[in-house]
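Shown here: query22.pdb, PDB, C-alpha atoms.
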ATOM      1  CA  MET A   1     -68.523   0.073  40.764
ATOM      2  CA  ASP A   2     -68.350   3.791  40.140
ATOM      3  CA  VAL A   3     -68.576   3.747  36.333
ATOM      4  CA  ALA A   4     -69.407   7.426  36.151
ATOM      5  CA  GLY A   5     -66.426   8.319  38.339
ATOM      6  CA  SER A   6     -64.028   6.217  36.273
ATOM      7  CA  GLY A   7     -65.281   7.782  33.081
ATOM      8  CA  ALA A   8     -64.868  11.236  34.524
ATOM      9  CA  ARG A   9     -61.283  10.512  35.546
ATOM     10  CA  ARG A  10     -60.455   9.195  32.073
ATOM     11  CA  THR A  11     -61.985  12.303  30.520
ATOM     12  CA  ALA A  12     -59.944  14.525  32.811
ATOM     13  CA  ARG A  13     -56.731  12.681  31.955
ATOM     14  CA  TRP A  14     -57.512  12.957  28.252
ATOM     15  CA  ARG A  15     -57.969  16.695  28.573
ATOM     16  CA  ARG A  16     -54.671  17.015  30.455
ATOM     17  CA  GLY A  17     -52.904  14.611  28.018
ATOM     18  CA  THR A  18     -51.905  12.210  30.799
ATOM     19  CA  ASP A  19     -52.059   8.421  30.959
ATOM     20  CA  ALA A  20     -53.327   6.197  33.770
ATOM     21  CA  ARG A  21     -50.138   6.844  35.754
ATOM     22  CA  GLY A  22     -50.382  10.580  35.354
ATOM     23  CA  ARG A  23     -47.592  10.875  32.782
ATOM     24  CA  THR A  24     -47.813  13.462  30.005
ATOM     25  CA  PRO A  25     -46.605  12.793  26.436
ATOM     26  CA  ARG A  26     -43.409  14.584  27.412
ATOM     27  CA  THR A  27     -42.658  12.740  30.643
ATOM     28  CA  ARG A  28     -43.629   9.239  29.504
ATOM     29  CA  GLY A  29     -40.889   9.354  26.861
ATOM     30  CA  ARG A  30     -38.070  10.243  29.218
ATOM     31  CA  VAL A  31     -36.589   6.766  29.543
ATOM     32  CA  PRO A  32     -36.387   5.921  25.799
ATOM     33  CA  ALA A  33     -35.192   9.462  25.108
ATOM     34  CA  ALA A  34     -32.419   9.132  27.674
ATOM     35  CA  LEU A  35     -31.412   5.744  26.280
ATOM     36  CA  ALA A  36     -31.366   7.199  22.763
ATOM     37  CA  VAL A  37     -29.047  10.006  23.859
ATOM     38  CA  LEU A  38     -26.813   7.483  25.637
ATOM     39  CA  SER A  39     -26.653   5.262  22.539
ATOM     40  CA  ALA A  40     -25.737   8.222  20.353
ATOM     41  CA  ALA A  41     -23.058   9.316  22.823
ATOM     42  CA  LEU A  42     -21.504   5.838  22.891
ATOM     43  CA  LEU A  43     -21.415   5.741  19.110
ATOM     44  CA  VAL A  44     -19.878   9.174  18.651
ATOM     45  CA  PHE A  45     -17.645   9.292  21.726
ATOM     46  CA  HIS A  46     -16.731   5.604  22.071
ATOM     47  CA  SER A  47     -13.063   6.552  22.316
ATOM     48  CA  ALA A  48     -13.867   8.384  25.577
ATOM     49  CA  VAL A  49     -14.929   5.148  27.281
ATOM     50  CA  PRO A  50     -11.922   4.299  29.472
ATOM     51  CA  ASN A  51      -9.869   1.178  28.958
ATOM     52  CA  ALA A  52      -8.321   1.185  32.412
ATOM     53  CA  ALA A  53     -10.895  -1.114  33.997
ATOM     54  CA  GLY A  54     -11.222  -4.392  32.092
ATOM     55  CA  ARG A  55     -10.575  -2.694  28.741
ATOM     56  CA  LEU A  56     -14.223  -1.683  28.496
ATOM     57  CA  GLY A  57     -13.493   0.711  25.661
ATOM     58  CA  SER A  58     -12.061  -1.994  23.431
ATOM     59  CA  ALA A  59     -14.892  -4.358  24.352
ATOM     60  CA  LEU A  60     -17.427  -1.732  23.240
ATOM     61  CA  GLU A  61     -15.554  -0.970  20.030
ATOM     62  CA  ALA A  62     -15.293  -4.647  19.128
ATOM     63  CA  PHE A  63     -19.048  -4.688  18.541
ATOM     64  CA  LEU A  64     -19.705  -0.993  17.928
ATOM     65  CA  PRO A  65     -21.899  -1.389  14.795
ATOM     66  CA  TRP A  66     -24.336  -3.509  16.790
ATOM     67  CA  LEU A  67     -25.308  -0.475  18.856
ATOM     68  CA  GLY A  68     -27.430   0.378  15.846
ATOM     69  CA  LEU A  69     -29.908  -2.277  17.006
ATOM     70  CA  ALA A  70     -30.922   0.159  19.720
ATOM     71  CA  VAL A  71     -32.564   2.379  17.089
ATOM     72  CA  PRO A  72     -35.507   0.113  16.096
ATOM     73  CA  VAL A  73     -36.035  -0.954  19.725
ATOM     74  CA  LEU A  74     -36.191   2.645  20.935
ATOM     75  CA  LEU A  75     -38.346   3.647  17.977
ATOM     76  CA  VAL A  76     -40.953   1.021  18.886
ATOM     77  CA  SER A  77     -40.822   2.150  22.521
ATOM     78  CA  ALA A  78     -41.390   5.773  21.483
ATOM     79  CA  LEU A  79     -44.354   4.822  19.302
ATOM     80  CA  VAL A  80     -45.924   2.685  22.012
ATOM     81  CA  ARG A  81     -45.586   5.525  24.503
ATOM     82  CA  ARG A  82     -46.761   8.057  21.904
ATOM     83  CA  SER A  83     -43.902  10.326  22.905
ATOM     84  CA  PHE A  84     -42.789  13.002  20.448
ATOM     85  CA  THR A  85     -39.737  13.702  22.621
ATOM     86  CA  ALA A  86     -38.579  10.102  22.391
ATOM     87  CA  LEU A  87     -39.231  10.005  18.653
ATOM     88  CA  VAL A  88     -37.002  13.034  18.121
ATOM     89  CA  ALA A  89     -34.320  11.610  20.425
ATOM     90  CA  VAL A  90     -34.170   8.356  18.427
ATOM     91  CA  LEU A  91     -32.958  10.409  15.479
ATOM     92  CA  LEU A  92     -29.674  10.988  17.340
ATOM     93  CA  PRO A  93     -28.363   7.382  17.404
ATOM     94  CA  ALA A  94     -29.809   6.812  13.931
ATOM     95  CA  ALA A  95     -27.827   9.748  12.553
ATOM     96  CA  ALA A  96     -24.705   8.749  14.491
ATOM     97  CA  TRP A  97     -24.826   5.183  13.169
ATOM     98  CA  ALA A  98     -25.420   6.357   9.605
ATOM     99  CA  GLY A  99     -22.473   8.725   9.849
ATOM    100  CA  LEU A 100     -20.127   6.021  11.133
ATOM    101  CA  PHE A 101     -21.273   2.960   9.199
ATOM    102  CA  GLY A 102     -23.826   4.003   6.592
ATOM    103  CA  GLY A 103     -21.200   4.320   3.873
ATOM    104  CA  LEU A 104     -20.282   0.657   4.287
ATOM    105  CA  LEU A 105     -23.776  -0.279   3.075
ATOM    106  CA  LEU A 106     -23.526   1.644  -0.194
ATOM    107  CA  PRO A 107     -23.272  -0.367  -3.438
ATOM    108  CA  ALA A 108     -19.829  -1.760  -4.198
ATOM    109  CA  ASP A 109     -17.467   0.340  -6.265
ATOM    110  CA  ARG A 110     -17.199  -1.471  -9.612
ATOM    111  CA  GLY A 111     -14.586   0.899 -11.042
ATOM    112  CA  PRO A 112     -11.216  -0.172 -12.445
ATOM    113  CA  HIS A 113      -8.678  -1.818 -10.159
ATOM    114  CA  ASP A 114      -5.125  -3.093 -10.365
ATOM    115  CA  ILE A 115      -5.078  -6.241  -8.229
ATOM    116  CA  THR A 116      -7.430  -8.397  -6.190
ATOM    117  CA  VAL A 117      -6.390  -9.637  -2.752
ATOM    118  CA  LEU A 118      -7.808 -12.282  -0.449
ATOM    119  CA  GLN A 119      -7.378 -12.825   3.284
ATOM    120  CA  HIS A 120      -8.372 -16.040   5.050
ATOM    121  CA  ASN A 121      -7.698 -17.686   8.380
ATOM    122  CA  VAL A 122      -8.023 -21.266   7.173
ATOM    123  CA  SER A 123      -8.216 -22.714  10.742
ATOM    124  CA  ASP A 124      -5.765 -25.168  12.221
ATOM    125  CA  GLU A 125      -8.697 -27.615  12.550
ATOM    126  CA  ASN A 126      -9.787 -27.398   8.905
ATOM    127  CA  PRO A 127     -10.791 -30.931   7.827
ATOM    128  CA  ASP A 128     -10.315 -30.255   4.090
ATOM    129  CA  PRO A 129      -7.273 -28.078   3.250
ATOM    130  CA  THR A 130      -7.301 -29.114  -0.406
ATOM    131  CA  GLY A 131     -10.976 -28.278  -0.805
ATOM    132  CA  THR A 132     -10.434 -24.932   0.906
ATOM    133  CA  ALA A 133      -7.535 -24.094  -1.410
ATOM    134  CA  ARG A 134      -9.582 -24.977  -4.498
ATOM    135  CA  ALA A 135     -12.486 -22.839  -3.311
ATOM    136  CA  LEU A 136     -10.164 -19.867  -2.822
ATOM    137  CA  ILE A 137      -8.651 -20.288  -6.286
ATOM    138  CA  GLY A 138     -12.167 -19.960  -7.678
ATOM    139  CA  SER A 139     -12.311 -16.305  -6.584
ATOM    140  CA  ALA A 140      -9.145 -15.651  -8.668
ATOM    141  CA  PRO A 141      -7.245 -13.244  -6.394
ATOM    142  CA  ASP A 142      -3.795 -12.005  -7.409
ATOM    143  CA  LEU A 143      -2.561 -12.234  -3.815
ATOM    144  CA  MET A 144      -3.764 -14.694  -1.185
ATOM    145  CA  ALA A 145      -2.823 -14.477   2.507
ATOM    146  CA  LEU A 146      -3.487 -17.495   4.733
ATOM    147  CA  GLU A 147      -3.154 -17.963   8.487
ATOM    148  CA  GLU A 148      -3.156 -20.975  10.834
ATOM    149  CA  LEU A 149      -1.127 -23.049   8.401
ATOM    150  CA  THR A 150      -0.198 -26.161  10.352
ATOM    151  CA  PRO A 151       2.835 -28.294   9.391
ATOM    152  CA  SER A 152       0.529 -31.171   8.524
ATOM    153  CA  ALA A 153      -1.792 -29.116   6.299
ATOM    154  CA  LEU A 154       0.800 -26.880   4.606
ATOM    155  CA  PRO A 155       1.825 -29.455   1.937
ATOM    156  CA  ALA A 156      -1.820 -29.748   0.857
ATOM    157  CA  TYR A 157      -2.133 -25.987   0.391
ATOM    158  CA  GLU A 158       1.189 -25.780  -1.448
ATOM    159  CA  ALA A 159       0.223 -28.585  -3.819
ATOM    160  CA  ALA A 160      -3.275 -27.254  -4.541
ATOM    161  CA  LEU A 161      -2.144 -23.653  -5.082
ATOM    162  CA  ALA A 162       1.101 -24.279  -6.989
ATOM    163  CA  ALA A 163      -0.282 -24.113 -10.534
ATOM    164  CA  ALA A 164      -2.270 -20.904 -10.080
ATOM    165  CA  TYR A 165       0.226 -19.196  -7.762
ATOM    166  CA  PRO A 166       3.836 -19.862  -8.767
ATOM    167  CA  TYR A 167       5.254 -17.615  -6.027
ATOM    168  CA  HIS A 168       4.715 -18.108  -2.330
ATOM    169  CA  ALA A 169       6.374 -17.590   1.040
ATOM    170  CA  VAL A 170       5.573 -19.044   4.451
ATOM    171  CA  GLU A 171       6.802 -17.948   7.859
ATOM    172  CA  GLY A 172       5.602 -19.943  10.845
ATOM    173  CA  THR A 173       1.839 -20.291  10.474
ATOM    174  CA  VAL A 174       1.245 -17.456   7.976
ATOM    175  CA  GLY A 175       1.837 -17.422   4.224
ATOM    176  CA  LEU A 176       1.381 -15.422   1.040
ATOM    177  CA  TRP A 177       0.647 -16.863  -2.424
ATOM    178  CA  SER A 178       1.093 -14.597  -5.440
ATOM    179  CA  ARG A 179       0.723 -14.495  -9.206
ATOM    180  CA  HIS A 180       3.562 -11.953  -9.240
ATOM    181  CA  PRO A 181       7.220 -12.415  -8.225
ATOM    182  CA  LEU A 182       8.112 -11.961  -4.556
ATOM    183  CA  THR A 183      11.199 -10.125  -3.300
ATOM    184  CA  ASP A 184      12.819  -9.343   0.042
ATOM    185  CA  VAL A 185      10.843 -11.955   1.969
ATOM    186  CA  ARG A 186      11.417 -11.776   5.706
ATOM    187  CA  ARG A 187       9.872 -12.568   9.052
ATOM    188  CA  VAL A 188       8.267  -9.747  11.019
ATOM    189  CA  ASP A 189       8.663 -10.185  14.762
ATOM    190  CA  ILE A 190       5.273  -9.459  16.363
ATOM    191  CA  ARG A 191       5.663 -11.907  19.239
ATOM    192  CA  PRO A 192       4.388 -10.434  22.526
ATOM    193  CA  GLU A 193       6.429 -10.781  25.678
ATOM    194  CA  GLY A 194       5.871 -14.080  27.452
ATOM    195  CA  ILE A 195       5.078 -16.123  24.329
ATOM    196  CA  GLY A 196       7.562 -18.839  23.310
ATOM    197  CA  GLU A 197      10.214 -18.539  20.619
ATOM    198  CA  GLY A 198       8.366 -20.788  18.162
ATOM    199  CA  TRP A 199       5.513 -18.287  17.772
ATOM    200  CA  ASN A 200       5.957 -16.798  14.280
ATOM    201  CA  ARG A 201       2.947 -15.016  12.830
ATOM    202  CA  GLY A 202       4.355 -12.110  10.852
ATOM    203  CA  LEU A 203       5.591 -12.004   7.244
ATOM    204  CA  ARG A 204       6.704  -9.239   4.887
ATOM    205  CA  CYS A 205       7.113  -9.668   1.121
ATOM    206  CA  GLY A 206       7.858  -7.320  -1.725
ATOM    207  CA  VAL A 207       5.538  -7.985  -4.689
ATOM    208  CA  ARG A 208       6.464  -6.937  -8.234
ATOM    209  CA  THR A 209       3.200  -6.072  -9.961
ATOM    210  CA  PRO A 210       2.773  -4.623 -13.470
ATOM    211  CA  ARG A 211       2.138  -1.270 -11.740
ATOM    212  CA  GLY A 212       5.318  -1.425  -9.685
ATOM    213  CA  GLU A 213       6.480  -2.925  -6.406
ATOM    214  CA  LEU A 214       4.504  -2.914  -3.187
ATOM    215  CA  ALA A 215       5.063  -4.297   0.286
ATOM    216  CA  VAL A 216       2.606  -6.911   1.515
ATOM    217  CA  TYR A 217       2.429  -7.821   5.195
ATOM    218  CA  VAL A 218       0.650 -10.919   6.470
ATOM    219  CA  ALA A 219      -0.082 -11.103  10.192
ATOM    220  CA  HIS A 220      -2.069 -13.096  12.712
ATOM    221  CA  LEU A 221      -2.375 -11.209  15.993
ATOM    222  CA  PRO A 222      -3.084 -13.011  19.295
ATOM    223  CA  SER A 223      -6.659 -13.854  20.166
ATOM    224  CA  VAL A 224      -8.708 -11.856  22.658
ATOM    225  CA  ARG A 225     -10.750 -13.386  25.441
ATOM    226  CA  PHE A 226     -13.625 -12.319  27.658
ATOM    227  CA  ARG A 227     -12.568 -13.077  31.217
ATOM    228  CA  ALA A 228     -13.828 -12.279  34.694
ATOM    229  CA  SER A 229     -11.253  -9.466  34.762
ATOM    230  CA  GLY A 230     -12.595  -7.993  31.522
ATOM    231  CA  PHE A 231     -11.690  -7.944  27.833
ATOM    232  CA  GLY A 232      -8.346  -9.738  27.541
ATOM    233  CA  SER A 233      -6.672  -7.955  24.634
ATOM    234  CA  GLY A 234      -3.259  -7.150  26.130
ATOM    235  CA  PRO A 235      -1.130  -9.549  24.007
ATOM    236  CA  ARG A 236      -2.998  -8.573  20.859
ATOM    237  CA  ASP A 237      -2.440  -4.882  21.551
ATOM    238  CA  GLU A 238       1.275  -5.469  22.162
ATOM    239  CA  SER A 239       1.532  -7.420  18.916
ATOM    240  CA  ALA A 240      -0.264  -4.592  17.086
ATOM    241  CA  ARG A 241       2.280  -2.098  18.414
ATOM    242  CA  LEU A 242       5.166  -4.241  17.146
ATOM    243  CA  LEU A 243       3.528  -4.573  13.738
ATOM    244  CA  GLY A 244       2.815  -0.843  13.682
ATOM    245  CA  ALA A 245       6.501  -0.130  14.274
ATOM    246  CA  ALA A 246       7.434  -2.374  11.336
ATOM    247  CA  LEU A 247       4.934  -0.564   9.108
ATOM    248  CA  ALA A 248       6.298   2.806  10.200
ATOM    249  CA  ALA A 249       9.778   1.703   9.112
ATOM    250  CA  GLU A 250       8.600   0.370   5.726
ATOM    251  CA  GLN A 251      10.389   2.177   2.881
ATOM    252  CA  LEU A 252       7.979   1.383   0.055
ATOM    253  CA  GLU A 253       5.149   3.862  -0.396
ATOM    254  CA  ARG A 254       2.531   1.281  -1.302
ATOM    255  CA  VAL A 255       1.663  -1.185   1.448
ATOM    256  CA  ILE A 256      -1.067  -3.791   1.937
ATOM    257  CA  LEU A 257      -1.680  -5.517   5.266
ATOM    258  CA  LEU A 258      -3.621  -8.785   5.134
ATOM    259  CA  GLY A 259      -4.381 -10.644   8.309
ATOM    260  CA  ASP A 260      -6.505 -11.981  11.082
ATOM    261  CA  LEU A 261      -6.034  -9.065  13.460
ATOM    262  CA  ASN A 262      -8.509 -10.354  16.057
ATOM    263  CA  GLY A 263     -10.113  -6.936  16.216
ATOM    264  CA  THR A 264     -12.290  -4.550  14.254
ATOM    265  CA  VAL A 265     -10.998  -1.329  12.725
ATOM    266  CA  ASP A 266     -12.929   0.597  15.410
ATOM    267  CA  ASP A 267     -11.008  -1.078  18.237
ATOM    268  CA  ARG A 268      -8.454   1.317  19.724
ATOM    269  CA  GLY A 269      -6.133  -1.633  20.326
ATOM    270  CA  LEU A 270      -5.452  -1.644  16.581
ATOM    271  CA  ALA A 271      -4.699   2.087  16.465
ATOM    272  CA  PRO A 272      -0.973   1.458  15.733
ATOM    273  CA  LEU A 273      -2.201  -0.061  12.456
ATOM    274  CA  THR A 274      -5.316   1.938  11.595
ATOM    275  CA  SER A 275      -3.469   5.221  12.216
ATOM    276  CA  ARG A 276      -1.009   4.283   9.453
ATOM    277  CA  LEU A 277      -3.235   2.374   7.038
ATOM    278  CA  SER A 278      -6.700   2.905   5.579
ATOM    279  CA  ALA A 279      -9.663   0.544   5.814
ATOM    280  CA  PRO A 280     -12.014  -0.212   2.875
ATOM    281  CA  ARG A 281     -14.686   2.409   2.329
ATOM    282  CA  ARG A 282     -17.544   0.030   1.566
ATOM    283  CA  GLY A 283     -18.682  -3.370   2.745
ATOM    284  CA  LEU A 284     -19.414  -4.641   6.249
ATOM    285  CA  ALA A 285     -17.945  -8.074   5.396
ATOM    286  CA  LEU A 286     -18.494  -9.655   8.806
ATOM    287  CA  SER A 287     -16.103 -12.618   8.820
ATOM    288  CA  TRP A 288     -16.251 -14.321  12.227
ATOM    289  CA  PRO A 289     -17.563 -16.750  13.301
ATOM    290  CA  ALA A 290     -18.396 -18.276   9.941
ATOM    291  CA  ALA A 291     -21.642 -19.868  11.176
ATOM    292  CA  LEU A 292     -23.103 -16.535  12.337
ATOM    293  CA  PRO A 293     -20.694 -13.639  11.659
ATOM    294  CA  VAL A 294     -20.834 -10.780  14.162
ATOM    295  CA  ALA A 295     -17.562  -8.947  13.449
ATOM    296  CA  ARG A 296     -14.946  -8.442  10.778
ATOM    297  CA  ILE A 297     -11.660  -9.347  12.419
ATOM    298  CA  ASP A 298     -10.048 -10.390   9.118
ATOM    299  CA  GLN A 299      -8.699  -7.173   7.670
ATOM    300  CA  ILE A 300      -7.390  -5.698   4.433
ATOM    301  CA  LEU A 301      -5.680  -2.361   5.122
ATOM    302  CA  THR A 302      -3.708  -0.208   2.703
ATOM    303  CA  ARG A 303      -1.297   2.686   2.302
ATOM    304  CA  GLY A 304      -0.562   4.238  -1.074
ATOM    305  CA  ALA A 305      -3.464   2.177  -2.389
ATOM    306  CA  THR A 306      -7.228   2.069  -2.015
ATOM    307  CA  ALA A 307      -9.448  -0.869  -1.179
ATOM    308  CA  ALA A 308     -12.703   0.547  -2.515
ATOM    309  CA  GLU A 309     -14.795  -2.225  -0.988
ATOM    310  CA  VAL A 310     -14.394  -5.452   0.940
ATOM    311  CA  ARG A 311     -16.616  -8.510   0.696
ATOM    312  CA  THR A 312     -16.883 -11.969   2.192
ATOM    313  CA  LEU A 313     -16.700 -15.159   0.173
ATOM    314  CA  PRO A 314     -18.550 -18.460   0.737
ATOM    315  CA  ALA A 315     -17.625 -20.497   3.788
ATOM    316  CA  THR A 316     -14.838 -23.065   3.655
ATOM    317  CA  GLY A 317     -13.830 -25.615   6.283
ATOM    318  CA  SER A 318     -12.733 -22.765   8.570
ATOM    319  CA  ASP A 319     -14.491 -20.931  11.385
ATOM    320  CA  HIS A 320     -13.666 -17.682   9.514
ATOM    321  CA  LEU A 321     -15.088 -16.489   6.210
ATOM    322  CA  PRO A 322     -12.613 -15.429   3.527
ATOM    323  CA  VAL A 323     -12.592 -11.707   2.718
ATOM    324  CA  ALA A 324     -11.504 -10.159  -0.570
ATOM    325  CA  ALA A 325     -11.024  -6.679  -1.996
ATOM    326  CA  ARG A 326     -10.180  -5.026  -5.292
ATOM    327  CA  ILE A 327      -7.215  -2.681  -4.878
ATOM    328  CA  ARG A 328      -6.346   0.460  -6.815
ATOM    329  CA  LEU A 329      -2.663   1.371  -6.522
ATOM    330  CA  ASP A 330      -1.766   5.036  -6.222
ATOM    331  CA  ALA A 331       0.746   6.486  -8.643
ATOM    332  CA  SER A 332       4.238   6.033  -7.222
TER
END
Show how you would write the structure in this file as structure tokens.
Amino acid sequence: MDVAGSGARRTARWRRGTDARGRTPRTRGRVPAALAVLSAALLVFHSAVPNAAGRLGSALEAFLPWLGLAVPVLLVSALVRRSFTALVAVLLPAAAWAGLFGGLLLPADRGPHDITVLQHNVSDENPDPTGTARALIGSAPDLMALEELTPSALPAYEAALAAAYPYHAVEGTVGLWSRHPLTDVRRVDIRPEGIGEGWNRGLRCGVRTPRGELAVYVAHLPSVRFRASGFGSGPRDESARLLGAALAAEQLERVILLGDLNGTVDDRGLAPLTSRLSAPRRGLALSWPAALPVARIDQILTRGATAAEVRTLPATGSDHLPVAARIRLDAS
């Protein structure tokens, strides 16, 4: 064994700043640096990812906040490789993520508000509708939107909520319960082409609050599926366009949309809604699946009003978590 020769080679590499494979501090960080730049680009320019093939853009946007997990992984890789270049590059996705989602992690806005709203997909397989209704009453919202109301479970919800919420309206499988009088209740047709006539998942109600009237929409958009052909969001996107058209025609200035939209606010498929309404400024409020939430697909969106923050509530018998928000109404 040539111990002297090996020692000499190690000394030479140390002087040149190379490792055993001949890589310098600059070159051995190329891979994590490139991945950091790619992660930052996907975060900032996610809308540039095409949707033509398998709706890849929407699939990325459905889980966009989780790209932030690349930051600690790449940081560890840069430290292990002792690469200054990679360390600097990791700052790019970190800054991009903070710019997009950092505000959602700020403390909740505890300022004054006018009403509290709650959105919950109660699940058509919920084993305890009465218990779910009682749990929701405990959070004391002024308005409560529920989806997946089955004919067999609806009487239980109506009975449990009647005392606290004297006004309610149901259309198909969606409903709204209110402490304030309801006016101009009507169905909103958001049924995509090819789905049967009995599919009713859209509701519009006027609500007379002490601060004036507002329009409240309750909607449950079609589910999305991961298939061999890609991200199956076509029916949901069509339903979102129909709902967006109804919102565009709404005459009242103050509007609240409550619903299981089966998409995050970053998903371009919901652009007909998010281009007309504003999302809460604070709170990640991941709502689905209830056992291990990875995305907020239960949404509270507003126009002429501000949802300062959104939060999840304790689990019920549903596979979704309830979400709630305090709303400030703009002057009409």
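One distance worth recording is that between atom CA of A:Ser83 and atom CA of A:Ala36, which is 12.9 Å.
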Using the chain letters and numbers from this file, what does the PyMOL selection byres ((chain A and resi 96-101) around 8) select? Give the answer as a ChimeraX atom specification. /A:40,43-44,65,68,92-95,102-105
A:Leu277 environment, 10 Å, all atoms listed in the file, sequence neighbours closer than 3 positions dropped, as a PyMOL selection string: chain A and resi 244+247+255-257+271-274+300-306
Could you take the residues named above and write them with C-alpha atoms, as a PDB file, keeping the file's coordinate frame?
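Listing of result_0.pdb after writing:
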ATOM      1  CA  GLY A 244       2.815  -0.843  13.682  1.00  0.00           C
ATOM      2  CA  LEU A 247       4.934  -0.564   9.108  1.00  0.00           C
ATOM      3  CA  VAL A 255       1.663  -1.185   1.448  1.00  0.00           C
ATOM      4  CA  ILE A 256      -1.067  -3.791   1.937  1.00  0.00           C
ATOM      5  CA  LEU A 257      -1.680  -5.517   5.266  1.00  0.00           C
ATOM      6  CA  ALA A 271      -4.699   2.087  16.465  1.00  0.00           C
ATOM      7  CA  PRO A 272      -0.973   1.458  15.733  1.00  0.00           C
ATOM      8  CA  LEU A 273      -2.201  -0.061  12.456  1.00  0.00           C
ATOM      9  CA  THR A 274      -5.316   1.938  11.595  1.00  0.00           C
ATOM     10  CA  ILE A 300      -7.390  -5.698   4.433  1.00  0.00           C
ATOM     11  CA  LEU A 301      -5.680  -2.361   5.122  1.00  0.00           C
ATOM     12  CA  THR A 302      -3.708  -0.208   2.703  1.00  0.00           C
ATOM     13  CA  ARG A 303      -1.297   2.686   2.302  1.00  0.00           C
ATOM     14  CA  GLY A 304      -0.562   4.238  -1.074  1.00  0.00           C
ATOM     15  CA  ALA A 305      -3.464   2.177  -2.389  1.00  0.00           C
ATOM     16  CA  THR A 306      -7.228   2.069  -2.015  1.00  0.00           C
TER      17      THR A 306
END
If the PyMOL selection byres ((chain A and resi 290) around 12) is run on the structure shown, which residues does it catch, given as JSON, numbers by chain? {"A": [120, 121, 122, 123, 285, 286, 287, 288, 289, 291, 292, 293, 294, 295, 296, 297, 298, 312, 313, 314, 315, 316, 317, 318, 319, 320, 321, 322, 323]}
Which residues match the PyMOL selection byres ((chain A and resi 226-234) around 9) in the file above, as an MDAnalysis selection string? chainID A and resid 53:56 58:59 222:225 235:239 269
For A:Leu87, please output as a VMD selection string all residues within 9 Å (counting all atoms listed in the file; exclusion window: fewer than 5 positions along the same chain). chain A and resid 29 32 to 33 74 to 75 77 to 79 82
Just the selected residues (C-alpha atoms), exported as a PDB file, keeping the file's coordinate frame, please.
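Printed below is part-v7.pdb as written:
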ATOM      1  CA  GLY A  29     -40.889   9.354  26.861  1.00  0.00           C
ATOM      2  CA  PRO A  32     -36.387   5.921  25.799  1.00  0.00           C
ATOM      3  CA  ALA A  33     -35.192   9.462  25.108  1.00  0.00           C
ATOM      4  CA  LEU A  74     -36.191   2.645  20.935  1.00  0.00           C
ATOM      5  CA  LEU A  75     -38.346   3.647  17.977  1.00  0.00           C
ATOM      6  CA  SER A  77     -40.822   2.150  22.521  1.00  0.00           C
ATOM      7  CA  ALA A  78     -41.390   5.773  21.483  1.00  0.00           C
ATOM      8  CA  LEU A  79     -44.354   4.822  19.302  1.00  0.00           C
ATOM      9  CA  ARG A  82     -46.761   8.057  21.904  1.00  0.00           C
TER      10      ARG A  82
END
Given only C-alpha atoms as the counted atoms, nearest of A:Val37, A:Leu261, A:Ala246, A:Ala169 to A:Ala62: A:Leu261
For A:Arg186, the nearest of the candidates A:Ala133, A:Leu118, A:Ala52, A:Val218, counting all atoms listed in the file: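 Result for the nearest residue to A:Arg186: A:Val218.
The residue that comes closest to A:Ala308, out of A:Ile115, A:Leu182, A:Val265, A:Ala41 and on the basis of all atoms listed in the file, is A:Ile115.
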Tell me, in Å to one decimal, how far atom CA of A:Ala108 is from atom CA of A:Val310.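 Computed distance, atom CA of A:Ala108 to atom CA of A:Val310, equals 8.3 Å.
The coordinates place atom CA of A:Tyr167 at 9.9 Å from atom CA of A:Thr183.
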As lines of an AutoDock Vina configuration file, please: the centre and edge lengths in Å, to one decimal, of an axis-aligned box enclosing every listed atom of stretch 159-163 of chain A with 5 Å added on each side.
center_x = -1.1
center_y = -26.1
center_z = -7.2
size_x = 14.4
size_y = 14.9
size_z = 16.7
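Each of A:Gly196, A:Val170, A:Arg179, A:Arg110 was checked against A:Ile137 using all atoms listed in the file; the smallest atom-to-atom distance is that of A:Arg179.
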